[in-house]
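Below is the file data-v3.txt, which contains compact mmCIF, C-alpha atoms.
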# COMPACT_ATOMS: atom_id res chain seq x y z
CA MET J 134 85.76 -17.58 -6.40
CA LYS J 135 83.36 -18.94 -8.97
CA CYS J 136 84.86 -20.08 -12.19
CA LEU J 137 84.12 -19.09 -15.76
CA LYS J 138 83.14 -21.45 -18.53
CA THR J 139 83.83 -21.20 -22.21
CA SER J 140 81.31 -21.58 -24.97
CA VAL J 141 81.48 -21.54 -28.77
CA VAL J 142 79.31 -18.77 -30.19
CA LYS J 143 78.83 -17.24 -33.62
CA THR J 144 80.25 -13.79 -34.21
CA LYS J 145 79.84 -11.72 -37.35
CA TYR J 146 82.84 -9.95 -38.88
CA TYR J 147 82.29 -7.39 -41.59
CA PHE J 148 84.97 -7.31 -44.26
CA LYS J 149 84.12 -4.17 -46.12
CA GLY J 150 85.20 -3.79 -49.71
CA MET J 151 85.30 -7.53 -50.34
CA GLY J 152 81.63 -8.35 -50.68
CA ASP J 153 79.11 -9.92 -48.32
CA ASN J 154 79.35 -10.44 -44.56
CA MET J 155 81.30 -13.46 -43.41
CA GLU J 156 80.06 -15.38 -40.39
CA GLN J 157 82.71 -17.29 -38.45
CA LYS J 158 82.81 -19.31 -35.24
CA SER J 159 85.00 -17.99 -32.47
CA LEU J 160 85.71 -18.71 -28.82
CA ARG J 161 84.47 -16.19 -26.28
CA VAL J 162 84.71 -16.25 -22.46
CA LEU J 163 81.23 -16.17 -20.90
CA GLU J 164 80.48 -15.40 -17.28
CA THR J 165 78.66 -17.99 -15.11
CA ASN J 166 78.36 -15.67 -12.15
CA LYS J 167 78.55 -11.87 -11.82
CA THR J 168 81.22 -11.78 -9.12
CA PHE J 169 83.23 -8.63 -8.43
CA PHE J 170 86.25 -10.15 -10.19
CA SER J 171 84.28 -11.13 -13.31
CA LYS J 172 82.75 -7.65 -13.58
CA ILE J 173 86.18 -6.05 -13.46
CA THR J 174 87.45 -8.52 -16.04
CA SER J 175 84.59 -7.87 -18.47
CA THR J 176 85.10 -4.13 -18.12
CA ILE J 177 88.80 -4.32 -18.95
CA THR J 178 88.68 -6.73 -21.90
CA LYS J 179 86.68 -9.27 -23.85
CA ILE J 180 88.82 -12.22 -24.77
CA LEU J 181 88.29 -13.25 -28.36
CA ILE J 182 90.28 -15.72 -30.44
CA PRO J 183 90.06 -14.40 -34.02
CA THR J 184 89.77 -16.53 -37.15
CA LYS J 185 92.46 -16.72 -39.86
CA VAL J 186 90.59 -14.17 -41.98
CA SER J 187 90.30 -11.63 -39.17
CA ILE J 188 94.01 -12.09 -38.41
CA ASN J 189 94.70 -11.17 -42.04
CA SER J 190 92.51 -8.07 -41.70
CA LEU J 191 94.33 -7.07 -38.53
CA MET J 192 97.71 -7.59 -40.20
CA ILE J 193 96.67 -5.44 -43.19
CA SER J 194 95.55 -2.67 -40.86
CA MET J 195 98.82 -2.77 -38.91
CA LYS J 196 100.99 -2.79 -42.03
CA ARG J 197 98.90 -0.03 -43.62
CA ASN J 198 99.32 2.20 -40.56
CA ASN J 199 103.06 1.52 -40.52
CA LEU J 200 103.28 2.38 -44.23
CA ILE J 201 101.34 5.65 -43.85
CA LYS J 202 103.50 6.70 -40.91
CA THR J 203 106.74 5.88 -42.76
CA TYR J 204 105.53 7.63 -45.93
CA SER J 205 104.50 10.76 -43.97
CA ASN J 206 107.96 10.89 -42.35
CA TYR J 207 109.58 10.48 -45.77
CA ILE J 208 107.56 13.40 -47.23
CA LEU J 209 108.50 15.53 -44.20
CA ALA J 210 112.21 14.70 -44.68
CA THR J 211 112.07 15.68 -48.38
CA GLU J 212 110.33 18.96 -47.52
CA GLU J 213 113.05 19.69 -44.97
CA GLU J 214 115.66 18.71 -47.63
CA ASP J 215 117.20 16.15 -45.29
CA ILE J 216 118.71 13.97 -48.04
CA GLU J 217 120.28 11.29 -45.82
CA LYS J 218 117.16 10.82 -43.73
CA GLY J 219 114.99 10.90 -46.86
CA GLU J 220 116.97 8.12 -48.53
CA ALA J 221 116.78 5.93 -45.43
CA LEU J 222 113.03 6.49 -45.12
CA LEU J 223 112.51 5.81 -48.83
CA LYS J 224 114.21 2.44 -48.45
CA LYS J 225 112.07 1.68 -45.40
CA CYS J 226 108.95 2.77 -47.36
CA GLU J 227 109.74 0.21 -50.05
CA GLU J 228 110.16 -2.53 -47.45
CA VAL J 229 106.93 -1.83 -45.54
CA TYR J 230 105.05 -1.35 -48.85
CA SER J 231 106.13 -4.82 -49.96
CA LEU J 232 104.95 -6.36 -46.65
CA TYR J 233 101.67 -4.45 -46.92
CA LEU J 234 100.94 -5.83 -50.41
CA GLU J 235 101.82 -9.36 -49.27
CA ALA J 236 99.25 -9.05 -46.49
CA ILE J 237 96.50 -7.97 -48.93
CA ASP J 238 97.48 -10.77 -51.32
CA LYS J 239 97.24 -13.32 -48.51
CA TYR J 240 93.86 -11.94 -47.50
CA ILE J 241 92.48 -12.55 -51.00
CA ILE J 242 93.78 -16.14 -51.10
CA ASP J 243 92.67 -16.99 -47.56
CA SER J 244 89.20 -15.46 -47.83
CA VAL J 245 87.87 -14.87 -51.34
CA TYR J 246 89.55 -17.91 -52.94
CA LYS J 247 88.20 -20.28 -50.28
CA LYS J 248 84.70 -18.85 -50.57
CA VAL J 249 84.72 -19.30 -54.35
CA LYS J 250 86.10 -22.82 -53.93
CA ASN J 251 83.36 -23.68 -51.42
CA ASN J 252 80.72 -22.07 -53.65
CA THR J 253 79.74 -19.54 -50.96
CA ALA J 254 81.11 -16.42 -52.68
CA SER J 255 78.99 -13.53 -53.90
CA GLU J 256 78.99 -12.51 -57.57
CA PHE J 257 81.22 -9.55 -56.71
CA GLU J 258 83.77 -11.84 -55.01
CA LYS J 259 83.74 -14.22 -57.99
CA GLN J 260 84.44 -11.35 -60.38
CA ALA J 261 87.15 -9.99 -58.07
CA LEU J 262 88.93 -13.35 -58.01
CA SER J 263 88.51 -13.77 -61.76
CA LYS J 264 90.18 -10.39 -62.31
CA TYR J 265 92.93 -11.35 -59.87
CA TYR J 266 93.83 -14.49 -61.84
CA LEU J 267 93.57 -12.63 -65.14
CA ILE J 268 96.29 -10.31 -63.87
CA VAL J 269 98.38 -13.23 -62.55
CA SER J 270 98.17 -14.86 -66.00
CA LEU J 271 100.19 -11.92 -67.41
CA LYS J 272 103.25 -12.88 -65.34
CA GLU J 273 104.83 -15.22 -67.89
CA LYS J 274 104.29 -13.19 -71.09
CA GLN J 275 103.99 -9.57 -69.92
CA TYR J 276 105.88 -9.33 -66.62
CA ILE J 277 106.12 -5.52 -66.51
CA GLU J 278 102.38 -5.14 -67.10
CA TYR J 279 101.73 -7.85 -64.47
CA LYS J 280 103.96 -6.08 -61.93
CA TYR J 281 102.10 -2.77 -62.24
CA LYS J 282 98.57 -4.16 -62.61
CA LYS J 283 98.84 -6.48 -59.60
CA GLN J 284 99.93 -3.60 -57.36
CA GLU J 285 97.11 -1.46 -58.74
CA TYR J 286 94.58 -4.23 -58.06
CA LEU J 287 95.74 -4.91 -54.49
CA LEU J 288 95.77 -1.21 -53.61
CA LYS J 289 92.24 -0.74 -54.97
CA VAL J 290 91.01 -3.69 -52.89
CA ASP J 291 92.32 -2.17 -49.66
CA TYR J 292 91.31 1.37 -50.62
CA GLU J 293 87.68 0.23 -50.48
CA SER J 294 88.31 -0.99 -46.93
CA VAL J 295 89.82 2.36 -45.92
CA ILE J 296 86.87 4.29 -47.40
CA ASN J 297 84.38 2.05 -45.60
CA LEU J 298 86.02 2.87 -42.26
CA LYS J 299 84.43 6.33 -42.69
CA LYS J 300 87.21 7.98 -40.69
CA GLU J 301 88.07 11.22 -42.46
CA SER J 302 91.49 11.61 -40.83
CA ALA J 303 92.52 8.05 -41.80
CA ILE J 304 91.22 8.52 -45.37
CA GLU J 305 93.03 11.85 -45.73
CA LYS J 306 96.37 10.36 -44.59
CA TYR J 307 95.98 7.30 -46.81
CA ASN J 308 94.93 9.38 -49.85
CA LYS J 309 98.33 11.10 -49.99
CA PHE J 310 100.17 7.79 -50.27
CA TYR J 311 97.50 6.19 -52.48
CA ILE J 312 97.48 8.96 -55.10
CA SER J 313 101.27 9.15 -55.22
CA LYS J 314 101.61 5.38 -55.70
CA MET J 315 98.79 5.13 -58.22
CA ASP J 316 100.34 7.96 -60.26
CA SER J 317 103.60 6.03 -60.55
CA LEU J 318 101.81 2.75 -61.40
CA TYR J 319 99.68 4.29 -64.16
CA LYS J 320 102.68 6.13 -65.58
CA GLY J 321 104.59 2.85 -65.60
CA LEU J 322 101.77 1.09 -67.43
CA LEU J 323 101.48 3.81 -70.08
CA LYS J 324 105.25 3.86 -70.63
CA ASN J 325 105.15 0.10 -71.11
CA TYR J 326 102.33 0.33 -73.68
CA SER J 327 104.12 3.21 -75.46
CA ILE J 328 107.21 1.03 -75.88
CA GLN J 329 105.02 -1.75 -77.28
CA LEU J 330 103.42 0.68 -79.77
CA ALA J 331 106.88 1.72 -80.95
CA ASP J 332 107.66 -1.91 -81.82
CA THR J 333 104.68 -2.92 -83.96
CA VAL J 334 106.50 -3.75 -87.22
CA SER J 335 106.15 -7.52 -86.81
CA THR J 336 103.05 -7.41 -84.61
CA LYS J 337 99.70 -8.69 -85.84
CA ILE J 338 96.86 -6.18 -86.32
CA GLU J 339 94.81 -7.85 -83.55
CA SER J 340 97.70 -7.42 -81.09
CA ILE J 341 98.21 -3.77 -82.07
CA ASN J 342 94.51 -3.06 -81.53
CA SER J 343 94.79 -4.80 -78.16
CA ILE J 344 97.61 -2.42 -77.13
CA TYR J 345 95.55 0.63 -78.17
CA ASN J 346 92.62 -0.67 -76.13
CA LYS J 347 94.91 -1.14 -73.11
CA VAL J 348 96.09 2.48 -73.44
CA PHE J 349 92.53 3.83 -73.53
CA ASN J 350 91.34 1.51 -70.72
CA THR J 351 94.26 2.62 -68.53
CA LEU J 352 93.47 6.30 -69.21
CA GLU J 353 89.79 5.74 -68.43
CA ASN J 354 90.52 3.88 -65.19
CA TYR J 355 92.79 6.69 -64.03
CA ILE J 356 90.42 9.50 -65.01
CA SER J 357 87.35 7.80 -63.52
CA GLU J 358 88.93 6.47 -60.30
CA ILE J 359 92.09 8.43 -59.40
CA LEU J 360 91.54 11.89 -60.89
CA PRO J 361 88.30 12.55 -58.90
CA ILE J 362 90.26 11.99 -55.65
CA LYS J 363 92.93 14.45 -56.80
CA LEU J 364 90.29 17.02 -57.80
CA ARG J 365 88.65 16.75 -54.35
CA ILE J 366 91.85 17.45 -52.46
CA ASP J 367 93.39 19.90 -54.98
CA LYS J 368 93.75 23.28 -53.31
CA SER J 369 96.08 24.90 -55.83
CA ASN J 370 93.86 24.60 -58.95
CA GLU J 371 96.55 22.43 -60.50
CA TYR J 372 93.99 20.73 -62.75
CA LYS J 373 92.08 23.82 -63.87
CA ALA J 374 93.21 23.33 -67.48
CA ILE J 375 91.54 19.93 -67.80
CA LEU J 376 88.26 20.65 -65.99
CA GLU J 377 86.35 21.42 -69.20
CA ASP J 378 87.47 18.15 -70.84
CA TYR J 379 86.79 16.25 -67.61
CA GLU J 380 83.21 17.57 -67.56
CA LYS J 381 82.81 16.44 -71.19
CA TYR J 382 84.02 12.98 -70.17
CA GLU J 383 81.57 12.86 -67.24
CA SER J 384 78.68 13.82 -69.53
CA MET J 385 79.40 10.73 -71.64
CA LEU J 386 78.96 8.37 -68.71
CA VAL J 387 75.18 8.73 -68.88
CA GLY J 388 73.16 6.49 -71.20
CA LYS J 389 74.14 3.91 -73.75
CA LEU J 390 76.96 4.86 -76.12
CA ASP J 391 76.98 4.01 -79.82
CA GLU J 392 80.18 3.43 -81.77
CA ARG J 393 80.57 7.13 -82.57
CA ASP J 394 80.20 8.09 -78.88
CA LYS J 395 82.77 5.48 -77.83
CA ILE J 396 85.32 6.96 -80.23
CA LYS J 397 84.52 10.47 -79.01
CA LYS J 398 85.02 9.40 -75.39
CA LYS J 399 88.46 8.00 -76.29
CA MET J 400 89.26 11.30 -78.01
CA ILE J 401 88.43 13.19 -74.79
CA LEU J 402 90.54 10.78 -72.71
CA LEU J 403 93.47 11.26 -75.09
CA GLY J 404 93.08 15.04 -74.88
CA ILE J 405 93.22 14.94 -71.05
CA SER J 406 96.26 12.65 -71.22
CA ARG J 407 98.26 15.41 -72.95
CA GLN J 408 98.07 17.32 -69.66
CA LEU J 409 98.45 14.43 -67.20
CA PHE J 410 100.82 12.01 -68.93
CA THR J 411 103.03 14.11 -71.21
CA HIS J 412 106.11 11.96 -70.58
CA SER J 413 104.51 8.59 -69.83
CA LEU J 414 102.52 8.69 -73.06
CA PRO J 415 105.03 10.60 -75.21
CA LEU J 416 104.11 12.57 -78.30
CA ILE J 417 105.01 9.78 -80.74
CA ALA J 418 102.72 7.30 -78.91
CA ALA J 419 99.91 9.86 -78.59
CA GLU J 420 100.24 10.58 -82.32
CA GLN J 421 99.75 6.88 -83.03
CA CYS J 422 96.66 6.85 -80.79
CA TYR J 423 95.15 9.82 -82.65
CA ALA J 424 95.89 8.14 -86.00
CA TYR J 425 94.18 4.99 -84.68
CA LEU J 426 91.03 6.94 -83.71
CA ILE J 427 90.96 8.82 -87.03
CA LYS J 428 91.15 5.49 -88.87
CA ASN J 429 88.24 4.19 -86.77
CA VAL J 430 86.11 7.23 -87.69
CA ARG J 431 86.93 6.81 -91.38
CA ASP J 432 85.82 3.17 -91.17
CA LEU J 433 82.66 4.32 -89.39
CA ILE J 434 81.87 6.83 -92.19
CA VAL J 435 82.25 4.13 -94.86
CA LYS J 436 79.87 1.70 -93.16
CA SER J 437 77.35 4.26 -91.80
CA SER J 438 73.93 4.79 -93.32
CA GLU J 439 73.27 8.09 -95.14
CA GLN J 440 71.37 9.42 -92.11
CA ARG J 441 74.36 8.80 -89.79
CA LYS J 442 77.19 9.93 -92.10
CA ASP J 443 76.87 13.62 -91.22
CA ARG J 444 77.38 12.94 -87.49
CA ALA J 445 80.36 10.72 -88.30
CA PHE J 446 81.87 13.48 -90.46
CA GLU J 447 81.38 15.96 -87.60
CA LEU J 448 83.35 13.65 -85.34
CA LEU J 449 86.11 13.28 -87.94
CA THR J 450 86.58 17.06 -88.24
CA GLU J 451 86.43 17.44 -84.43
CA LEU J 452 89.04 14.71 -84.01
CA ILE J 453 91.35 16.18 -86.67
CA GLU J 454 91.07 19.58 -84.95
CA GLU J 455 91.96 18.04 -81.57
CA TYR J 456 94.89 16.23 -83.18
CA ASN J 457 96.20 19.46 -84.68
CA ILE J 458 95.68 21.70 -81.66
CA LYS J 459 96.67 19.37 -78.80
CA LEU J 460 99.43 17.46 -80.53
CA LEU J 461 100.83 18.71 -83.86
CA SER J 462 100.92 22.35 -82.74
CA THR J 463 103.26 21.28 -79.89
CA LYS J 464 105.45 19.08 -82.07
CA VAL J 465 109.06 20.26 -82.15
CA TYR J 466 110.86 17.51 -84.05
CA TRP J 467 109.65 16.45 -87.50
CA ASP J 468 111.12 13.47 -89.39
CA LYS J 469 110.75 15.26 -92.72
CA PRO J 470 111.26 19.06 -93.06
CA GLU J 471 108.74 19.20 -95.93
CA GLU J 472 106.04 17.84 -93.59
CA LYS J 473 106.78 20.66 -91.15
CA GLU J 474 106.48 23.26 -93.94
CA GLU J 475 103.23 21.71 -95.14
CA TYR J 476 101.85 21.83 -91.62
CA LYS J 477 102.81 25.51 -91.23
CA LYS J 478 100.73 26.38 -94.32
CA PHE J 479 97.81 24.41 -92.94
CA TRP J 480 98.15 26.08 -89.52
CA ASP J 481 98.13 29.56 -91.08
CA LYS J 482 94.88 28.75 -92.93
CA TYR J 483 93.38 27.37 -89.72
CA ASN J 484 94.23 30.55 -87.78
CA GLN J 485 92.67 32.71 -90.50
CA ILE J 486 89.44 30.69 -90.44
CA SER J 487 89.37 30.77 -86.61
CA LYS J 488 88.94 34.56 -86.76
CA ILE J 489 85.74 34.23 -88.82
CA GLU J 490 82.38 33.99 -87.03
CA ASN J 491 80.25 30.88 -87.66
CA ASN J 492 83.25 29.12 -89.13
CA LYS J 493 82.14 25.52 -88.55
CA GLU J 494 81.64 24.77 -92.26
CA GLN J 495 84.90 26.45 -93.34
CA LYS J 496 86.81 24.42 -90.73
CA GLN J 497 85.24 21.19 -91.93
CA ILE J 498 86.21 21.98 -95.53
CA LEU J 499 89.80 22.76 -94.49
CA PHE J 500 90.17 19.55 -92.47
CA LEU J 501 88.56 17.32 -95.08
CA LYS J 502 90.65 18.75 -97.91
CA ASN J 503 93.81 18.26 -95.87
CA ASP J 504 92.79 14.70 -94.97
CA LEU J 505 92.00 13.96 -98.61
CA LYS J 506 95.47 15.17 -99.64
CA MET J 507 97.18 12.86 -97.12
CA LEU J 508 95.04 9.85 -98.08
CA SER J 509 95.77 10.38 -101.78
CA LYS J 510 99.54 10.28 -101.10
CA SER J 511 99.32 7.05 -99.10
CA LYS J 512 100.36 3.69 -100.56
CA THR J 513 97.42 2.06 -98.75
CA ASN J 514 94.20 1.75 -100.73
CA TYR J 515 91.79 4.32 -99.24
CA GLU J 516 89.46 4.45 -102.25
CA GLN J 517 86.23 4.05 -100.25
CA ILE J 518 86.85 6.84 -97.73
CA ILE J 519 88.35 9.09 -100.44
CA ASN J 520 85.08 8.81 -102.39
CA GLU J 521 83.09 9.55 -99.22
CA ILE J 522 85.16 12.68 -98.47
CA LYS J 523 84.83 13.90 -102.07
CA GLN J 524 81.04 13.49 -101.91
CA LYS J 525 80.98 15.43 -98.63
CA LEU J 526 83.06 18.25 -100.12
CA VAL J 527 80.66 18.40 -103.10
CA GLN J 528 77.79 18.63 -100.62
CA LEU J 529 79.58 21.51 -98.84
CA GLY J 530 80.14 23.30 -102.17
CA ALA J 531 83.92 23.00 -101.93
CA MET J 532 84.29 20.62 -104.86
CA ARG J 533 82.47 20.22 -108.18
CA LYS J 534 81.26 16.90 -109.42
CA ILE J 535 82.25 16.39 -113.07
CA LYS J 536 79.77 14.29 -115.02
CA ASN J 537 81.41 11.15 -116.36
CA SER J 538 80.19 10.90 -120.02
CA TYR J 539 81.49 9.52 -123.26
CA LYS J 540 80.56 9.65 -126.97
CA THR J 541 81.19 7.05 -129.66
CA ILE J 542 82.23 8.46 -133.06
CA ILE J 543 81.74 6.27 -136.12
CA GLY J 544 84.40 6.59 -138.80
CA SER J 545 87.64 5.25 -140.17
CA TYR J 546 91.19 5.97 -139.18
CA LYS J 547 94.12 6.35 -141.52
CA LYS J 548 97.63 5.57 -140.32
CA ILE J 549 100.10 8.34 -141.07
CA ALA J 550 103.66 7.23 -141.58

Translate the structure described by the file into C-alpha cells.
Amino acid sequence: MKCLKTSVVKTKYYFKGMGDNMEQKSLRVLETNKTFFSKITSTITKILIPTKVSINSLMISMKRNNLIKTYSNYILATEEEDIEKGEALLKKCEEVYSLYLEAIDKYIIDSVYKKVKNNTASEFEKQALSKYYLIVSLKEKQYIEYKYKKQEYLLKVDYESVINLKKESAIEKYNKFYISKMDSLYKGLLKNYSIQLADTVSTKIESINSIYNKVFNTLENYISEILPIKLRIDKSNEYKAILEDYEKYESMLVGKLDERDKIKKKMILLGISRQLFTHSLPLIAAEQCYAYLIKNVRDLIVKSSEQRKDRAFELLTELIEEYNIKLLSTKVYWDKPEEKEEYKKFWDKYNQISKIENNKEQKQILFLKNDLKMLSKSKTNYEQIINEIKQKLVQLGAMRKIKNSYKTIIGSYKKIA
C-alpha cells in the first residue's frame, strides 16, 4: 500500500460577525496516490487540525446549541407546569449560559485582541475591542452596570454569527432565548439607572446628565436592535399600541438631526418606554426624564434665533402634552394633595379644549400658561424662559403687554405730622 504524505497548506476560515476573513495555516492530509484505500478515506473524512481560533468558534457553537436545547426544555417544562423539572432546568440553563459567555469572551481575547496587538485588525475589530474594554473599565466603579453591559455585548457579538449562518430554523430557536435574555438585561440596566436617578442629591450636574444619557441610549439600543426582532416574530399583536410611536422613531433615523430633533427623538423613546418598561423605568424615574427634556427645550428656546423659536415652542407644547397624557394622567400617588387638585383642574381644561376642532393654538396657550405658573413658583431663577413664554403668549393673544412708562412731576413735598 502506498503511503500518504503531509503538507502544510493555507486554509481560509470565515469568522462572520467579527470583521474580515482570517487566514490561518493548518495541517491537511494529501494523497500521493489514488489507491482504493485512499479514495475510501477521502470520501469518509478530511483530516484537519484546526487553529486555536477555530477551536474557540467550535466551542461557542457547541455551547450555544447546548444552551438553546436546555432553554427549550425549560420553557416546555414551565408550559407543562412541571415545577420540579423547571427548577432543575433553570439551574442548568444558568450553568450552560455561563459557560457559553466564557467561550465568547475567550474568542474575543484569542482572536480580536491578538489582531489588534499585531496591527492586522480591521477598523470594525478595533472599535469592537475598544468597546469591550470600555465596558470592562466599569467593573471597579459600576459593577452592576458592568455585569449587564458585558453580557449584552457578548450576546450581540455571537448573535451576528448566528444571523450570518443564514439557517432560519437555527435563528428562530436562538431568537427565543436571545430576546428573553436581552429583555432581562435591559430591564436590569434601566432599574440600575433609575436607582441612580433617585440618589442625585449629592451628585454633580455632569454626572446626573450622564445618567440621563445612559437611560436614553439604553432605550434607543433596545428599540433599534431588540424591538424589531420582537415585532417580526410577534403573532399576537402584543405591540400594537406602540406601532405608531415606533414608526415616528423610525422616521427620525433618516437625515441629520438638529438639537430640536434629538430632543424629540428622546421624547418618542420615553413614550415607548411607558409601554415596554413600566416597572424597570418606574413612574418617578420617567417623570425625572420628562422634566430633564422639558428643561432642555426651555434652554433651546432661550438660545434659539427668532426664526427657530416657533419650532422650539411647538416642541415644548408637544412634550408637555406627552408628559401629561402618558405620565401624569396615570399617576396615582401624589406627594402633595394640592398638586393633585391643581392637576385635576388643568386636566378638565385640557379635555374641554380637546373637543374643539383646530385646537392647536388653544392647547399651546393652556400648556404655556400652566408652565409659566410652575416656573413662577420655583425658587430657581427662570427669568429668561419666563420672559420668552410671556412674549409667546402675547404673540398668541393670550396676554397683554403693558407699556412700561413713567412721568416725573416737579414740585415740593410737605411732611404731615

Tell me which protein, DNA and RNA residues are within 12 Å of Ile341 (chain J), counting all atoms listed in the file, leaving out same-chain ones fewer than 6 positions away, and put them as a PDB file with C-alpha atoms, in the coordinates of the input.
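New file around_3.pdb:
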ATOM      1  CA  TYR J 326     102.330   0.330 -73.680  1.00  0.00           C
ATOM      2  CA  SER J 327     104.120   3.210 -75.460  1.00  0.00           C
ATOM      3  CA  ILE J 328     107.210   1.030 -75.880  1.00  0.00           C
ATOM      4  CA  GLN J 329     105.020  -1.750 -77.280  1.00  0.00           C
ATOM      5  CA  LEU J 330     103.420   0.680 -79.770  1.00  0.00           C
ATOM      6  CA  ALA J 331     106.880   1.720 -80.950  1.00  0.00           C
ATOM      7  CA  ASP J 332     107.660  -1.910 -81.820  1.00  0.00           C
ATOM      8  CA  THR J 333     104.680  -2.920 -83.960  1.00  0.00           C
ATOM      9  CA  VAL J 334     106.500  -3.750 -87.220  1.00  0.00           C
ATOM     10  CA  SER J 335     106.150  -7.520 -86.810  1.00  0.00           C
ATOM     11  CA  LYS J 347      94.910  -1.140 -73.110  1.00  0.00           C
ATOM     12  CA  VAL J 348      96.090   2.480 -73.440  1.00  0.00           C
ATOM     13  CA  GLN J 421      99.750   6.880 -83.030  1.00  0.00           C
ATOM     14  CA  CYS J 422      96.660   6.850 -80.790  1.00  0.00           C
ATOM     15  CA  TYR J 425      94.180   4.990 -84.680  1.00  0.00           C
TER      16      TYR J 425
END

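Shortest separation to Val527 (chain J) among J:Met507, J:Glu358, J:Ile498, J:Ile486 occurs at residue J:Ile498, atoms counted being only C-alpha atoms.
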
| message | Give me, as a list in words, all polymer residues having an atom no more than 10 Å from Leu505 (chain J), counting only C-alpha atoms and skipping those fewer than 5 positions away in the same chain. | response | Leu499, Phe500, Lys510, Tyr515, Ile518, Ile519, Asn520, Glu521, Ile522 and Lys523 of chain J

- Query: If you measure from CA of Glu258 (chain J) to CA of Leu271 (chain J), what distance in Å do you get, rounded to one decimal?
  - Reply: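 Going from CA of Glu258 (chain J) over to CA of Leu271 (chain J) covers 20.6 Å.
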
**Exercise: region 202-215 of chain J partners within 8 Å, only C-alpha atoms, chain neighbours under 3 positions left out, as a PyMOL selection string** = chain J and resi 198-199+218-219+222-223+225-226+310

Any idea what's packed within 10 Å of Tyr279 (chain J), counting only C-alpha atoms, ignoring anything in its chain fewer than 6 positions away? Could you give it as a PyMOL selection string? chain J and resi 267-273+285+322

Keeping C-alpha atoms, export the residues of the selection given above as a short mmCIF file (atom, residue, chain, number, x, y, z; two decimals), keeping the file's coordinate frame.
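What follows is the written file result-v9.cif:
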data_model
loop_
_atom_site.label_atom_id
_atom_site.label_comp_id
_atom_site.auth_asym_id
_atom_site.auth_seq_id
_atom_site.Cartn_x
_atom_site.Cartn_y
_atom_site.Cartn_z
CA LEU J 267 93.57 -12.63 -65.14
CA ILE J 268 96.29 -10.31 -63.87
CA VAL J 269 98.38 -13.23 -62.55
CA SER J 270 98.17 -14.86 -66.00
CA LEU J 271 100.19 -11.92 -67.41
CA LYS J 272 103.25 -12.88 -65.34
CA GLU J 273 104.83 -15.22 -67.89
CA GLU J 285 97.11 -1.46 -58.74
CA LEU J 322 101.77 1.09 -67.43
#

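Residues in contact with Leu409 (chain J) at up to 10 Å, not including ones fewer than 2 positions away on its chain and judged by only C-alpha atoms, are Asp316, Lys320, Leu352, Ile356, Leu360, Tyr372, Ile375, Leu403, Gly404, Ile405, Ser406, Arg407, Thr411, His412, Ser413 and Leu414 of chain J.
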
Would you mind exporting C-alpha atoms of the selected residues as a short mmCIF file (atom, residue, chain, number, x, y, z; two decimals), keeping the file's coordinate frame?
data_model
loop_
_atom_site.label_atom_id
_atom_site.label_comp_id
_atom_site.auth_asym_id
_atom_site.auth_seq_id
_atom_site.Cartn_x
_atom_site.Cartn_y
_atom_site.Cartn_z
CA ASP J 316 100.34 7.96 -60.26
CA LYS J 320 102.68 6.13 -65.58
CA LEU J 352 93.47 6.30 -69.21
CA ILE J 356 90.42 9.50 -65.01
CA LEU J 360 91.54 11.89 -60.89
CA TYR J 372 93.99 20.73 -62.75
CA ILE J 375 91.54 19.93 -67.80
CA LEU J 403 93.47 11.26 -75.09
CA GLY J 404 93.08 15.04 -74.88
CA ILE J 405 93.22 14.94 -71.05
CA SER J 406 96.26 12.65 -71.22
CA ARG J 407 98.26 15.41 -72.95
CA THR J 411 103.03 14.11 -71.21
CA HIS J 412 106.11 11.96 -70.58
CA SER J 413 104.51 8.59 -69.83
CA LEU J 414 102.52 8.69 -73.06
#

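Atom pair CA of Ile338 (chain J) / CA of Leu449 (chain J): separated by 22.3 Å.
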
Pick from J:Ile296, J:Ile201, J:Met195, J:Leu287 nearest to Glu235 (chain J), counting all atoms listed in the file |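 Using all atoms listed in the file, Glu235 (chain J) sits closest to J:Leu287.
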
In terms of only C-alpha atoms, the residue from J:Ile362, J:Ser369, J:Phe349, J:Lys280 at minimal distance from Leu426 (chain J) is J:Phe349
